[in-house]
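Dumped model-v6.pdb below, it's PDB, C-alpha atoms:
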```
ATOM      1  CA  MET A   1       0.000   0.000   0.000
ATOM      2  CA  SER A   2       1.413   3.399  -0.946
ATOM      3  CA  THR A   3       1.679   6.239   1.543
ATOM      4  CA  ASP A   4      -1.058   8.195  -0.248
ATOM      5  CA  THR A   5      -3.455   5.300  -0.298
ATOM      6  CA  ALA A   6      -2.617   4.675   3.337
ATOM      7  CA  LEU A   7      -3.547   8.268   4.175
ATOM      8  CA  ALA A   8      -6.923   8.062   2.448
ATOM      9  CA  THR A   9      -7.634   4.757   4.143
ATOM     10  CA  ARG A  10      -6.464   6.131   7.471
ATOM     11  CA  SER A  11      -8.852   9.069   7.313
ATOM     12  CA  GLU A  12     -11.781   6.708   6.802
ATOM     13  CA  GLN A  13     -10.688   4.063   9.271
ATOM     14  CA  GLU A  14      -9.816   6.454  12.043
ATOM     15  CA  GLY A  15     -12.993   8.466  11.631
ATOM     16  CA  TRP A  16     -11.477  11.879  11.033
ATOM     17  CA  LEU A  17     -14.820  13.598  10.488
ATOM     18  CA  PRO A  18     -15.698  13.629  14.228
ATOM     19  CA  ILE A  19     -12.198  14.981  14.923
ATOM     20  CA  LEU A  20     -12.717  17.745  12.366
ATOM     21  CA  GLU A  21     -16.134  18.520  13.887
ATOM     22  CA  LEU A  22     -14.616  18.677  17.367
ATOM     23  CA  ALA A  23     -11.880  21.008  16.115
ATOM     24  CA  ILE A  24     -14.569  23.251  14.573
ATOM     25  CA  GLN A  25     -16.727  23.228  17.701
ATOM     26  CA  GLU A  26     -13.799  24.304  19.865
ATOM     27  CA  VAL A  27     -12.975  27.218  17.569
ATOM     28  CA  PHE A  28     -16.632  28.292  17.429
ATOM     29  CA  GLU A  29     -17.048  28.086  21.197
ATOM     30  CA  ILE A  30     -13.823  29.845  22.152
ATOM     31  CA  MET A  31     -13.494  32.457  19.427
ATOM     32  CA  LEU A  32     -17.131  33.095  18.467
ATOM     33  CA  GLY A  33     -18.787  32.325  21.781
ATOM     34  CA  CYS A  34     -21.351  29.973  20.248
ATOM     35  CA  GLN A  35     -21.980  26.331  19.507
ATOM     36  CA  GLY A  36     -22.475  25.761  15.813
ATOM     37  CA  LYS A  37     -25.446  23.455  15.214
ATOM     38  CA  ALA A  38     -24.616  20.711  12.735
ATOM     39  CA  GLN A  39     -26.993  20.555   9.785
ATOM     40  CA  PRO A  40     -28.086  16.992   8.952
ATOM     41  CA  PRO A  41     -26.792  15.824   5.541
ATOM     42  CA  CYS A  42     -30.345  15.301   4.208
ATOM     43  CA  GLU A  43     -31.159  19.009   4.731
ATOM     44  CA  ARG A  44     -28.056  20.310   2.995
ATOM     45  CA  LYS A  45     -28.338  22.160  -0.290
ATOM     46  CA  GLN A  46     -25.679  23.272  -2.705
ATOM     47  CA  GLN A  47     -24.149  26.362  -1.096
ATOM     48  CA  HIS A  48     -22.601  29.229  -3.016
ATOM     49  CA  GLY A  49     -21.051  31.299  -0.266
ATOM     50  CA  GLU A  50     -19.806  34.798  -0.964
ATOM     51  CA  PHE A  51     -16.788  34.327   1.301
ATOM     52  CA  THR A  52     -14.433  31.362   1.095
ATOM     53  CA  ALA A  53     -11.378  31.104   3.342
ATOM     54  CA  MET A  54      -8.689  28.552   2.509
ATOM     55  CA  VAL A  55      -5.683  27.117   4.299
ATOM     56  CA  GLY A  56      -3.364  24.671   2.574
ATOM     57  CA  LEU A  57      -1.836  21.677   4.317
ATOM     58  CA  ALA A  58       1.465  20.180   3.207
ATOM     59  CA  GLY A  59       3.590  17.313   4.444
ATOM     60  CA  ALA A  60       2.149  14.216   6.080
ATOM     61  CA  LEU A  61      -1.288  15.655   5.454
ATOM     62  CA  CYS A  62      -1.653  17.271   2.054
ATOM     63  CA  GLY A  63      -4.721  19.160   0.897
ATOM     64  CA  VAL A  64      -6.843  22.212   1.566
ATOM     65  CA  LEU A  65      -9.325  23.235   4.240
ATOM     66  CA  THR A  66     -12.059  25.671   3.210
ATOM     67  CA  VAL A  67     -14.681  27.571   5.198
ATOM     68  CA  ARG A  68     -17.513  28.974   3.076
ATOM     69  CA  CYS A  69     -20.389  31.200   4.116
ATOM     70  CA  ASN A  70     -22.460  34.162   2.981
ATOM     71  CA  LYS A  71     -21.469  37.788   3.493
ATOM     72  CA  LYS A  72     -23.804  38.374   6.431
ATOM     73  CA  THR A  73     -22.478  35.359   8.323
ATOM     74  CA  ALA A  74     -18.872  36.358   7.663
ATOM     75  CA  GLY A  75     -19.723  39.808   9.042
ATOM     76  CA  GLU A  76     -21.293  38.238  12.149
ATOM     77  CA  PHE A  77     -18.132  36.177  12.684
ATOM     78  CA  ALA A  78     -16.027  39.332  12.593
ATOM     79  CA  LYS A  79     -18.375  41.095  15.013
ATOM     80  CA  SER A  80     -18.239  38.134  17.395
ATOM     81  CA  MET A  81     -14.454  38.338  17.361
ATOM     82  CA  LEU A  82     -13.960  42.108  17.347
ATOM     83  CA  GLY A  83     -17.188  43.615  18.597
ATOM     84  CA  ASP A  84     -18.961  46.338  16.667
ATOM     85  CA  THR A  85     -15.674  47.766  15.424
ATOM     86  CA  ALA A  86     -15.586  45.175  12.621
ATOM     87  CA  ASP A  87     -16.917  47.166   9.710
ATOM     88  CA  SER A  88     -14.614  46.846   6.701
ATOM     89  CA  GLU A  89     -14.625  43.971   4.234
ATOM     90  CA  GLU A  90     -10.912  43.571   4.886
ATOM     91  CA  GLN A  91     -11.558  42.876   8.580
ATOM     92  CA  VAL A  92     -14.364  40.464   7.731
ATOM     93  CA  ALA A  93     -12.090  38.525   5.367
ATOM     94  CA  ASP A  94      -9.272  38.582   7.924
ATOM     95  CA  ALA A  95     -11.573  37.181  10.622
ATOM     96  CA  LEU A  96     -12.822  34.361   8.380
ATOM     97  CA  GLY A  97      -9.236  33.533   7.365
ATOM     98  CA  GLU A  98      -8.229  33.266  11.005
ATOM     99  CA  ILE A  99     -11.178  31.000  11.790
ATOM    100  CA  CYS A 100     -10.130  28.743   8.916
ATOM    101  CA  ASN A 101      -6.521  28.808  10.114
ATOM    102  CA  MET A 102      -7.483  27.878  13.671
ATOM    103  CA  ILE A 103      -9.738  25.032  12.525
ATOM    104  CA  ALA A 104      -6.936  23.617  10.342
ATOM    105  CA  GLY A 105      -4.374  23.947  13.138
ATOM    106  CA  ASN A 106      -6.677  22.547  15.784
ATOM    107  CA  PHE A 107      -7.568  19.591  13.550
ATOM    108  CA  LYS A 108      -3.987  18.627  12.746
ATOM    109  CA  ASN A 109      -2.963  19.032  16.391
ATOM    110  CA  LYS A 110      -5.571  16.433  17.303
ATOM    111  CA  LEU A 111      -4.205  13.838  14.877
ATOM    112  CA  ALA A 112      -1.572  11.797  16.649
ATOM    113  CA  GLY A 113       1.646  11.562  14.667
ATOM    114  CA  THR A 114       0.556  14.011  11.990
ATOM    115  CA  ASP A 115       0.891  17.400  13.639
ATOM    116  CA  GLU A 116       4.689  17.190  13.765
ATOM    117  CA  ARG A 117       5.019  16.646  10.012
ATOM    118  CA  CYS A 118       2.319  18.886   8.607
ATOM    119  CA  MET A 119       2.676  22.550   7.675
ATOM    120  CA  LEU A 120      -0.092  25.080   7.237
ATOM    121  CA  SER A 121      -0.133  27.875   4.695
ATOM    122  CA  VAL A 122      -1.060  31.460   5.473
ATOM    123  CA  PRO A 123      -4.856  31.760   4.935
ATOM    124  CA  SER A 124      -6.348  33.170   1.717
ATOM    125  CA  VAL A 125      -9.884  34.494   1.316
ATOM    126  CA  ILE A 126     -11.981  34.733  -1.857
ATOM    127  CA  THR A 127     -14.866  37.205  -1.847
ATOM    128  CA  GLY A 128     -17.749  37.458  -4.269
ATOM    129  CA  GLY A 129     -20.336  34.870  -5.189
ATOM    130  CA  GLU A 130     -19.642  34.248  -8.859
ATOM    131  CA  TYR A 131     -16.984  31.599  -8.768
ATOM    132  CA  ALA A 132     -16.602  27.851  -8.789
ATOM    133  CA  PHE A 133     -14.062  26.268  -6.486
ATOM    134  CA  ARG A 134     -12.213  23.169  -7.598
ATOM    135  CA  SER A 135      -9.365  21.752  -5.607
ATOM    136  CA  LEU A 136      -6.727  19.557  -7.199
ATOM    137  CA  ALA A 137      -6.577  17.692  -3.914
ATOM    138  CA  ASP A 138      -8.702  14.897  -5.313
ATOM    139  CA  GLY A 139      -8.603  12.337  -2.536
ATOM    140  CA  THR A 140     -10.750  11.952   0.558
ATOM    141  CA  CYS A 141     -13.173  14.796   1.247
ATOM    142  CA  LEU A 142     -14.535  15.474   4.702
ATOM    143  CA  GLU A 143     -17.365  17.963   4.842
ATOM    144  CA  THR A 144     -19.628  19.287   7.543
ATOM    145  CA  VAL A 145     -22.200  22.062   7.562
ATOM    146  CA  LEU A 146     -22.900  24.095  10.684
ATOM    147  CA  LEU A 147     -25.709  26.543  11.148
ATOM    148  CA  PHE A 148     -24.639  29.895  12.524
ATOM    149  CA  GLU A 149     -27.732  31.951  13.278
ATOM    150  CA  GLU A 150     -29.625  29.674  10.870
ATOM    151  CA  ALA A 151     -27.206  30.348   7.999
ATOM    152  CA  PRO A 152     -25.044  27.487   6.718
ATOM    153  CA  VAL A 153     -21.275  27.479   7.118
ATOM    154  CA  VAL A 154     -19.644  24.783   4.988
ATOM    155  CA  ILE A 155     -16.329  23.432   6.222
ATOM    156  CA  ARG A 156     -14.560  21.075   3.857
ATOM    157  CA  LEU A 157     -11.250  19.281   4.135
ATOM    158  CA  GLN A 158     -10.090  17.930   0.807
ATOM    159  CA  LEU A 159      -7.075  15.658   1.004
ATOM    160  CA  HIS A 160      -4.707  14.749  -1.798
ATOM    161  CA  SER A 161      -4.918  11.130  -2.834
TER
ATOM    162  CA  MET B 162       6.091  44.993  72.441
ATOM    163  CA  TYR B 163       6.953  42.492  69.716
ATOM    164  CA  SER B 164       9.485  39.741  70.254
ATOM    165  CA  LYS B 165      12.601  39.560  68.080
ATOM    166  CA  SER B 166      11.163  36.740  65.905
ATOM    167  CA  ALA B 167       7.815  38.574  65.511
ATOM    168  CA  ARG B 168       9.656  41.684  64.310
ATOM    169  CA  LYS B 169      11.584  39.502  61.873
ATOM    170  CA  TRP B 170       8.327  38.071  60.478
ATOM    171  CA  ARG B 171       6.748  41.523  60.224
ATOM    172  CA  ARG B 172       9.764  42.752  58.295
ATOM    173  CA  ALA B 173       9.548  39.720  55.951
ATOM    174  CA  ILE B 174       5.815  40.253  55.373
ATOM    175  CA  SER B 175       6.369  43.924  54.705
ATOM    176  CA  ARG B 176       9.138  43.061  52.247
ATOM    177  CA  ALA B 177       6.842  40.561  50.462
ATOM    178  CA  ASP B 178       4.116  43.209  50.239
ATOM    179  CA  ARG B 179       6.557  45.657  48.690
ATOM    180  CA  VAL B 180       7.614  43.056  46.099
ATOM    181  CA  LYS B 181       3.950  42.271  45.280
ATOM    182  CA  ARG B 182       3.172  45.992  44.935
ATOM    183  CA  ARG B 183       6.168  46.422  42.656
ATOM    184  CA  VAL B 184       4.946  43.581  40.383
ATOM    185  CA  VAL B 185       1.468  45.115  40.162
ATOM    186  CA  GLU B 186       2.927  48.561  39.503
ATOM    187  CA  THR B 187       5.189  47.185  36.797
ATOM    188  CA  MET B 188       2.299  45.296  35.246
ATOM    189  CA  GLY B 189       0.284  48.486  35.293
ATOM    190  CA  LYS B 190       2.712  49.995  32.837
ATOM    191  CA  VAL B 191       3.193  47.250  30.308
ATOM    192  CA  ARG B 192       4.305  48.171  26.824
ATOM    193  CA  ALA B 193       3.458  45.289  24.522
ATOM    194  CA  LEU B 194       4.374  44.390  20.977
ATOM    195  CA  ILE B 195       1.961  42.061  19.165
ATOM    196  CA  VAL B 196       3.297  40.408  16.017
ATOM    197  CA  ASP B 197       0.703  38.623  13.880
ATOM    198  CA  ASP B 198      -0.186  38.840  10.197
ATOM    199  CA  SER B 199      -3.884  39.042  11.072
ATOM    200  CA  SER B 200      -5.054  42.457  12.284
ATOM    201  CA  VAL B 201      -8.120  40.761  13.768
ATOM    202  CA  MET B 202      -5.932  38.444  15.814
ATOM    203  CA  ARG B 203      -3.794  41.369  17.016
ATOM    204  CA  LYS B 204      -6.944  43.057  18.334
ATOM    205  CA  ILE B 205      -8.092  39.836  20.010
ATOM    206  CA  VAL B 206      -4.706  39.360  21.691
ATOM    207  CA  GLU B 207      -4.780  42.955  22.939
ATOM    208  CA  ARG B 208      -8.301  42.502  24.291
ATOM    209  CA  SER B 209      -7.277  39.238  25.983
ATOM    210  CA  LEU B 210      -4.352  40.980  27.689
ATOM    211  CA  ARG B 211      -6.715  43.625  29.069
ATOM    212  CA  GLN B 212      -9.188  40.936  30.150
ATOM    213  CA  ALA B 213      -6.296  39.227  31.935
ATOM    214  CA  GLY B 214      -6.003  42.321  34.119
ATOM    215  CA  ILE B 215      -2.869  43.658  32.470
ATOM    216  CA  GLU B 216      -2.944  47.423  32.108
ATOM    217  CA  LEU B 217      -1.338  48.358  28.837
ATOM    218  CA  GLU B 218       0.504  51.623  28.603
ATOM    219  CA  LYS B 219       1.222  51.164  24.934
ATOM    220  CA  VAL B 220       0.426  48.493  22.346
ATOM    221  CA  LEU B 221       2.586  48.292  19.250
ATOM    222  CA  GLU B 222       1.690  46.083  16.329
ATOM    223  CA  ALA B 223       3.583  44.393  13.511
ATOM    224  CA  SER B 224       2.303  42.101  10.778
ATOM    225  CA  ASN B 225       5.441  39.965  10.453
ATOM    226  CA  GLY B 226       8.807  39.352  12.080
ATOM    227  CA  ALA B 227      10.698  41.878   9.973
ATOM    228  CA  GLU B 228       8.227  44.628  10.901
ATOM    229  CA  GLY B 229       8.488  43.542  14.517
ATOM    230  CA  LEU B 230      12.282  43.958  14.475
ATOM    231  CA  ALA B 231      11.897  47.434  12.969
ATOM    232  CA  VAL B 232       9.457  48.380  15.743
ATOM    233  CA  LEU B 233      11.900  47.141  18.385
ATOM    234  CA  GLN B 234      14.705  49.278  16.980
ATOM    235  CA  ASP B 235      12.736  52.434  17.796
ATOM    236  CA  ASN B 236      10.702  51.366  20.814
ATOM    237  CA  ALA B 237      11.308  49.747  24.193
ATOM    238  CA  VAL B 238       8.727  47.105  25.187
ATOM    239  CA  ASP B 239       8.144  44.876  28.230
ATOM    240  CA  LEU B 240       6.389  42.009  26.501
ATOM    241  CA  ILE B 241       6.190  40.496  23.021
ATOM    242  CA  LEU B 242       3.410  38.217  21.792
ATOM    243  CA  CYS B 243       4.179  36.558  18.494
ATOM    244  CA  ASP B 244       2.580  34.262  15.927
ATOM    245  CA  ILE B 245       4.690  31.647  14.103
ATOM    246  CA  ASN B 246       3.237  31.334  10.591
ATOM    247  CA  MET B 247       3.705  34.737   8.983
ATOM    248  CA  PRO B 248       4.892  35.923   5.575
ATOM    249  CA  ILE B 249       8.289  37.614   5.030
ATOM    250  CA  MET B 250       9.752  36.592   8.410
ATOM    251  CA  ASP B 251       8.150  33.909  10.571
ATOM    252  CA  GLY B 252       7.923  33.895  14.338
ATOM    253  CA  MET B 253      10.801  31.487  14.965
ATOM    254  CA  GLU B 254      13.250  33.613  12.985
ATOM    255  CA  PHE B 255      11.941  36.720  14.735
ATOM    256  CA  VAL B 256      12.662  35.176  18.155
ATOM    257  CA  ARG B 257      16.196  34.256  17.026
ATOM    258  CA  GLN B 258      16.819  37.799  15.788
ATOM    259  CA  VAL B 259      15.444  39.420  18.948
ATOM    260  CA  ALA B 260      17.899  37.363  21.017
ATOM    261  CA  THR B 261      20.749  39.086  19.191
ATOM    262  CA  MET B 262      19.383  42.610  19.681
ATOM    263  CA  GLY B 263      21.069  44.270  22.632
ATOM    264  CA  SER B 264      18.100  46.414  23.648
ATOM    265  CA  ALA B 265      15.382  43.787  23.299
ATOM    266  CA  ALA B 266      17.301  40.598  24.087
ATOM    267  CA  GLY B 267      15.795  40.148  27.558
ATOM    268  CA  VAL B 268      12.215  40.980  26.692
ATOM    269  CA  PRO B 269       9.929  37.994  27.384
ATOM    270  CA  ILE B 270       8.317  36.543  24.250
ATOM    271  CA  VAL B 271       5.157  34.454  24.340
ATOM    272  CA  MET B 272       4.215  32.606  21.156
ATOM    273  CA  ILE B 273       0.510  32.579  20.225
ATOM    274  CA  THR B 274      -0.020  30.220  17.320
ATOM    275  CA  THR B 275      -2.005  27.427  15.703
ATOM    276  CA  GLU B 276       1.209  25.388  15.444
ATOM    277  CA  GLY B 277       0.706  23.306  18.548
ATOM    278  CA  SER B 278       2.964  20.314  17.992
ATOM    279  CA  GLU B 279       5.473  19.357  20.639
ATOM    280  CA  SER B 280       8.376  19.969  18.262
ATOM    281  CA  HIS B 281       7.196  23.530  17.643
ATOM    282  CA  VAL B 282       6.847  24.177  21.373
ATOM    283  CA  VAL B 283      10.308  22.771  22.068
ATOM    284  CA  GLU B 284      11.845  24.731  19.191
ATOM    285  CA  ALA B 285      10.188  27.987  20.277
ATOM    286  CA  LEU B 286      11.229  27.601  23.906
ATOM    287  CA  SER B 287      14.781  26.582  23.034
ATOM    288  CA  THR B 288      15.047  29.541  20.660
ATOM    289  CA  GLY B 289      14.228  31.956  23.454
ATOM    290  CA  ALA B 290      10.443  32.181  23.834
ATOM    291  CA  ARG B 291       9.249  32.137  27.451
ATOM    292  CA  GLY B 292       5.713  30.894  26.860
ATOM    293  CA  TYR B 293       3.502  29.194  24.312
ATOM    294  CA  ILE B 294      -0.242  29.586  23.778
ATOM    295  CA  ARG B 295      -2.193  27.559  21.237
ATOM    296  CA  LYS B 296      -4.960  29.108  19.163
ATOM    297  CA  PRO B 297      -7.862  29.068  19.812
ATOM    298  CA  PHE B 298      -7.229  30.499  23.273
ATOM    299  CA  THR B 299      -9.260  31.972  26.114
ATOM    300  CA  PRO B 300      -8.368  35.122  28.098
ATOM    301  CA  ASP B 301      -7.708  32.804  31.071
ATOM    302  CA  GLN B 302      -5.049  30.966  29.086
ATOM    303  CA  VAL B 303      -3.425  34.273  28.196
ATOM    304  CA  LYS B 304      -3.457  35.231  31.860
ATOM    305  CA  GLU B 305      -2.001  31.867  32.873
ATOM    306  CA  HIS B 306       0.935  32.139  30.471
ATOM    307  CA  VAL B 307       1.641  35.873  30.443
ATOM    308  CA  LEU B 308       1.407  36.887  34.109
ATOM    309  CA  PRO B 309       4.215  34.582  35.324
ATOM    310  CA  VAL B 310       6.472  35.880  32.573
ATOM    311  CA  LEU B 311       5.811  39.494  33.575
ATOM    312  CA  GLY B 312       6.168  38.636  37.263
ATOM    313  CA  ASN B 313       9.561  37.012  36.722
ATOM    314  CA  GLN B 314      10.703  39.969  34.717
ATOM    315  CA  SER B 315      10.063  42.411  37.549
TER
END
```

Take the structure in the file and give it back as structure tokens.
Amino acid sequence: MSTDTALATRSEQEGWLPILELAIQEVFEIMLGCQGKAQPPCERKQQHGEFTAMVGLAGALCGVLTVRCNKKTAGEFAKSMLGDTADSEEQVADALGEICNMIAGNFKNKLAGTDERCMLSVPSVITGGEYAFRSLADGTCLETVLLFEEAPVVIRLQLHS
Amino acid sequence: MYSKSARKWRRAISRADRVKRRVVETMGKVRALIVDDSSVMRKIVERSLRQAGIELEKVLEASNGAEGLAVLQDNAVDLILCDINMPIMDGMEFVRQVATMGSAAGVPIVMITTEGSESHVVEALSTGARGYIRKPFTPDQVKEHVLPVLGNQS
């Protein structure tokens, strides 16, 4: 079995989705002061968020973590983190990028034996609704949708096969 | 009248009170440098320091290690809080460089970062950082890691 195949198998066998969800919950609770309510898979619709934050992972874990939401939700995130002083789009994008960064870091720190050999990129944020996102990391995909004030926040970890 | 040993104890207690007062006074005048590429995170760190009961006389900000070094060349600070993953110059290199700066070499540095692996912690501490906080963090965690560093400094 190759290392790549082993990684994809590992993510399924070890049940990484609950670990990712735990990492997300911790970030939401500590930094946003709320518990994101998971949306059941059957209720999920195709989401075209206006804000997408991305953090790349390289090394033992290779892929990209994205956090996608609409503009209003991204603004609420920034307000939760900064108070009412969060008014510019730059601050909103910065806040969403940091949330994405903390989720990625928290997730990899929870994976035994992976955190030491995995690097994170500086976060990037895409704004605007008219785009399609395709990652070349075409392996295992872990996805969860949380409801933040009834609006969906899609968190996806796409791993390279 | 007090016995000789009672006077000795009173003197010791009084001395301890003076030391405690000095720590509080010093902490009441903290000049901090926060180095992080996210302006949102810099604001959150500053707010957490205030929530930890640390009165800040001045808060300086830098968005990467190179900017942080430039700030330190013109300003004296009592505390540095620093991220690791940053463009241009990362936090580890910044800590190494600060150790070679005469004026800032003794300033306590606390890393605040998502890089929480044991190897990162060991590397940061061996490079010269005095504390390590993992993101996401609570104000209590900031208090727990920053106050001892400021106390030791005084």

Could you write out as a PyMOL selection string the residues that the PyMOL selection byres ((chain B and resi 290) around 12) matches in the shown file? chain B and resi 240-245+252-260+266-273+281-289+291-294+306-307+310

Hey, which bits of chain B sit within 8 Å of chain A, and for each residue what's the closest pair of atoms and how far apart in Å (one decimal), counting all atoms listed in the file, rows by chain and increasing number, as CSV?
```
residue,atom,partner,partner_atom,distance
B:Ser199,CA,A:Asp94,CA,6.3
B:Ser200,CA,A:Asp94,CA,7.2
B:Val201,CA,A:Ala95,CA,5.9
B:Met202,CA,A:Glu98,CA,7.4
B:Lys204,CA,A:Leu82,CA,7.1
B:Ile205,CA,A:Leu82,CA,6.8
B:Asn246,CA,A:Val122,CA,6.7
B:Met247,CA,A:Val122,CA,6.8
B:Pro248,CA,A:Val122,CA,7.4
B:Thr275,CA,A:Gly105,CA,4.9
B:Glu276,CA,A:Gly105,CA,6.2
B:Gly277,CA,A:Asn109,CA,6.0
B:Ser278,CA,A:Glu116,CA,5.5
B:Glu279,CA,A:Glu116,CA,7.2
B:Ser280,CA,A:Glu116,CA,6.4
B:His281,CA,A:Glu116,CA,7.8
B:Lys296,CA,A:Met102,CA,6.2
B:Pro297,CA,A:Val27,CA,5.9
B:Phe298,CA,A:Ile30,CA,6.7
B:Thr299,CA,A:Ile30,CA,6.4
```

Please measure the separation of atom CA of Gly75 of chain A and atom CA of Gly33 of chain A, giving the value in Å to one decimal.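 According to the coordinates, atom CA of Gly75 of chain A and atom CA of Gly33 of chain A are separated by 14.8 Å.
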
Residues within 8 Å of segment 64-72 of chain A, please, as a list in words. Count only C-alpha atoms; anything in the same chain fewer than 3 positions from it doesn't count.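 In the requested format, the answer is His48, Gly49, Glu50, Phe51, Thr52, Ala53, Met54, Val55, Gly56, Leu57, Gly75, Glu76, Leu96, Cys100, Ala104, Ser135, Ala137, Ala151, Pro152, Val153, Val154, Ile155, Arg156, Leu157, Gln158 and Leu159 of chain A.
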
Please produce a file of those selected residues containing C-alpha atoms, as a PDB file, in the frame of the given file.
```
ATOM      1  CA  HIS A  48     -22.601  29.229  -3.016  1.00  0.00           C
ATOM      2  CA  GLY A  49     -21.051  31.299  -0.266  1.00  0.00           C
ATOM      3  CA  GLU A  50     -19.806  34.798  -0.964  1.00  0.00           C
ATOM      4  CA  PHE A  51     -16.788  34.327   1.301  1.00  0.00           C
ATOM      5  CA  THR A  52     -14.433  31.362   1.095  1.00  0.00           C
ATOM      6  CA  ALA A  53     -11.378  31.104   3.342  1.00  0.00           C
ATOM      7  CA  MET A  54      -8.689  28.552   2.509  1.00  0.00           C
ATOM      8  CA  VAL A  55      -5.683  27.117   4.299  1.00  0.00           C
ATOM      9  CA  GLY A  56      -3.364  24.671   2.574  1.00  0.00           C
ATOM     10  CA  LEU A  57      -1.836  21.677   4.317  1.00  0.00           C
ATOM     11  CA  GLY A  75     -19.723  39.808   9.042  1.00  0.00           C
ATOM     12  CA  GLU A  76     -21.293  38.238  12.149  1.00  0.00           C
ATOM     13  CA  LEU A  96     -12.822  34.361   8.380  1.00  0.00           C
ATOM     14  CA  CYS A 100     -10.130  28.743   8.916  1.00  0.00           C
ATOM     15  CA  ALA A 104      -6.936  23.617  10.342  1.00  0.00           C
ATOM     16  CA  SER A 135      -9.365  21.752  -5.607  1.00  0.00           C
ATOM     17  CA  ALA A 137      -6.577  17.692  -3.914  1.00  0.00           C
ATOM     18  CA  ALA A 151     -27.206  30.348   7.999  1.00  0.00           C
ATOM     19  CA  PRO A 152     -25.044  27.487   6.718  1.00  0.00           C
ATOM     20  CA  VAL A 153     -21.275  27.479   7.118  1.00  0.00           C
ATOM     21  CA  VAL A 154     -19.644  24.783   4.988  1.00  0.00           C
ATOM     22  CA  ILE A 155     -16.329  23.432   6.222  1.00  0.00           C
ATOM     23  CA  ARG A 156     -14.560  21.075   3.857  1.00  0.00           C
ATOM     24  CA  LEU A 157     -11.250  19.281   4.135  1.00  0.00           C
ATOM     25  CA  GLN A 158     -10.090  17.930   0.807  1.00  0.00           C
ATOM     26  CA  LEU A 159      -7.075  15.658   1.004  1.00  0.00           C
TER      27      LEU A 159
END
```

Apply the PyMOL selection byres ((chain B and resi 250) around 6) to the displayed file and report the matching residues as a list of chain:residue names.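 Written out, the selection comes to B:Asn225, B:Gly226, B:Ala227, B:Pro248, B:Ile249, B:Asp251.
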
Do you have the atom CA of Thr144 of chain A-atom CA of Gln35 of chain A distance handy?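 Atom CA of Gln35 of chain A lies 14.1 Å from atom CA of Thr144 of chain A.
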
For each of B:Val303, B:Leu311, B:Val220, B:Val191, take the minimum atom-to-atom distance to Val232 of chain B, counting all atoms listed in the file, then give the residue where this is smallest.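 Smallest separation from Val232 of chain B among the options: B:Val220.
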
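Using all atoms listed in the file, the shortest contact distance between Ala223 of chain B and any of B:Arg203, B:Lys304, B:Arg295, B:Arg192 is found at B:Arg203.
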
Just how far from atom CA of Gln25 of chain A is atom CA of Cys141 of chain A, in Å to one decimal?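 According to the coordinates, atom CA of Cys141 of chain A and atom CA of Gln25 of chain A are separated by 18.8 Å.
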
Resolved residues for the PyMOL selection byres ((chain B and resi 218) around 12) as JSON, numbers by chain: {"B": [186, 187, 188, 189, 190, 191, 192, 193, 194, 207, 210, 211, 215, 216, 217, 219, 220, 221, 237, 238, 239, 240]}

Long-range neighbours of Ala38 of chain A as a list of chain:residue names, 9 Å cut-off, all atoms listed in the file, 2 positions minimum in chain: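 Counting only the stated atoms, we get A:Glu21, A:Gly36, A:Pro40, A:Pro41, A:Thr144, A:Val145, A:Leu146, A:Leu147.
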
My list of candidates is B:Gly312, B:Thr274, B:Pro300, B:Ile195. Which is closest to Leu230 of chain B when distances are computed with all atoms listed in the file?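 Looking only at the distances to Leu230 of chain B, the closest residue turns out to be B:Ile195.
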
Have segment 17-26 of chain A completed to N, CA and C atoms, please, and pass it along as a PDB file, in the coordinates of the input.
```
ATOM      1  N   LEU A  17     -13.756  12.595  10.516  1.00  0.00           N
ATOM      2  CA  LEU A  17     -14.820  13.598  10.488  1.00  0.00           C
ATOM      3  C   LEU A  17     -15.208  14.075  11.897  1.00  0.00           C
ATOM      4  N   PRO A  18     -15.400  13.155  12.863  1.00  0.00           N
ATOM      5  CA  PRO A  18     -15.698  13.629  14.228  1.00  0.00           C
ATOM      6  C   PRO A  18     -14.574  14.490  14.818  1.00  0.00           C
ATOM      7  N   ILE A  19     -13.331  14.190  14.422  1.00  0.00           N
ATOM      8  CA  ILE A  19     -12.198  14.981  14.923  1.00  0.00           C
ATOM      9  C   ILE A  19     -12.254  16.391  14.322  1.00  0.00           C
ATOM     10  N   LEU A  20     -12.574  16.439  13.020  1.00  0.00           N
ATOM     11  CA  LEU A  20     -12.717  17.745  12.366  1.00  0.00           C
ATOM     12  C   LEU A  20     -13.861  18.532  13.012  1.00  0.00           C
ATOM     13  N   GLU A  21     -14.978  17.843  13.275  1.00  0.00           N
ATOM     14  CA  GLU A  21     -16.134  18.520  13.887  1.00  0.00           C
ATOM     15  C   GLU A  21     -15.800  19.025  15.288  1.00  0.00           C
ATOM     16  N   LEU A  22     -15.020  18.243  16.022  1.00  0.00           N
ATOM     17  CA  LEU A  22     -14.616  18.677  17.367  1.00  0.00           C
ATOM     18  C   LEU A  22     -13.712  19.914  17.276  1.00  0.00           C
ATOM     19  N   ALA A  23     -12.791  19.866  16.310  1.00  0.00           N
ATOM     20  CA  ALA A  23     -11.880  21.008  16.115  1.00  0.00           C
ATOM     21  C   ALA A  23     -12.683  22.269  15.783  1.00  0.00           C
ATOM     22  N   ILE A  24     -13.716  22.112  14.953  1.00  0.00           N
ATOM     23  CA  ILE A  24     -14.569  23.251  14.573  1.00  0.00           C
ATOM     24  C   ILE A  24     -15.339  23.766  15.783  1.00  0.00           C
ATOM     25  N   GLN A  25     -15.932  22.829  16.524  1.00  0.00           N
ATOM     26  CA  GLN A  25     -16.727  23.228  17.701  1.00  0.00           C
ATOM     27  C   GLN A  25     -15.893  24.037  18.681  1.00  0.00           C
ATOM     28  N   GLU A  26     -14.662  23.598  18.903  1.00  0.00           N
ATOM     29  CA  GLU A  26     -13.799  24.304  19.865  1.00  0.00           C
ATOM     30  C   GLU A  26     -13.517  25.736  19.402  1.00  0.00           C
TER      31      GLU A  26
END
```
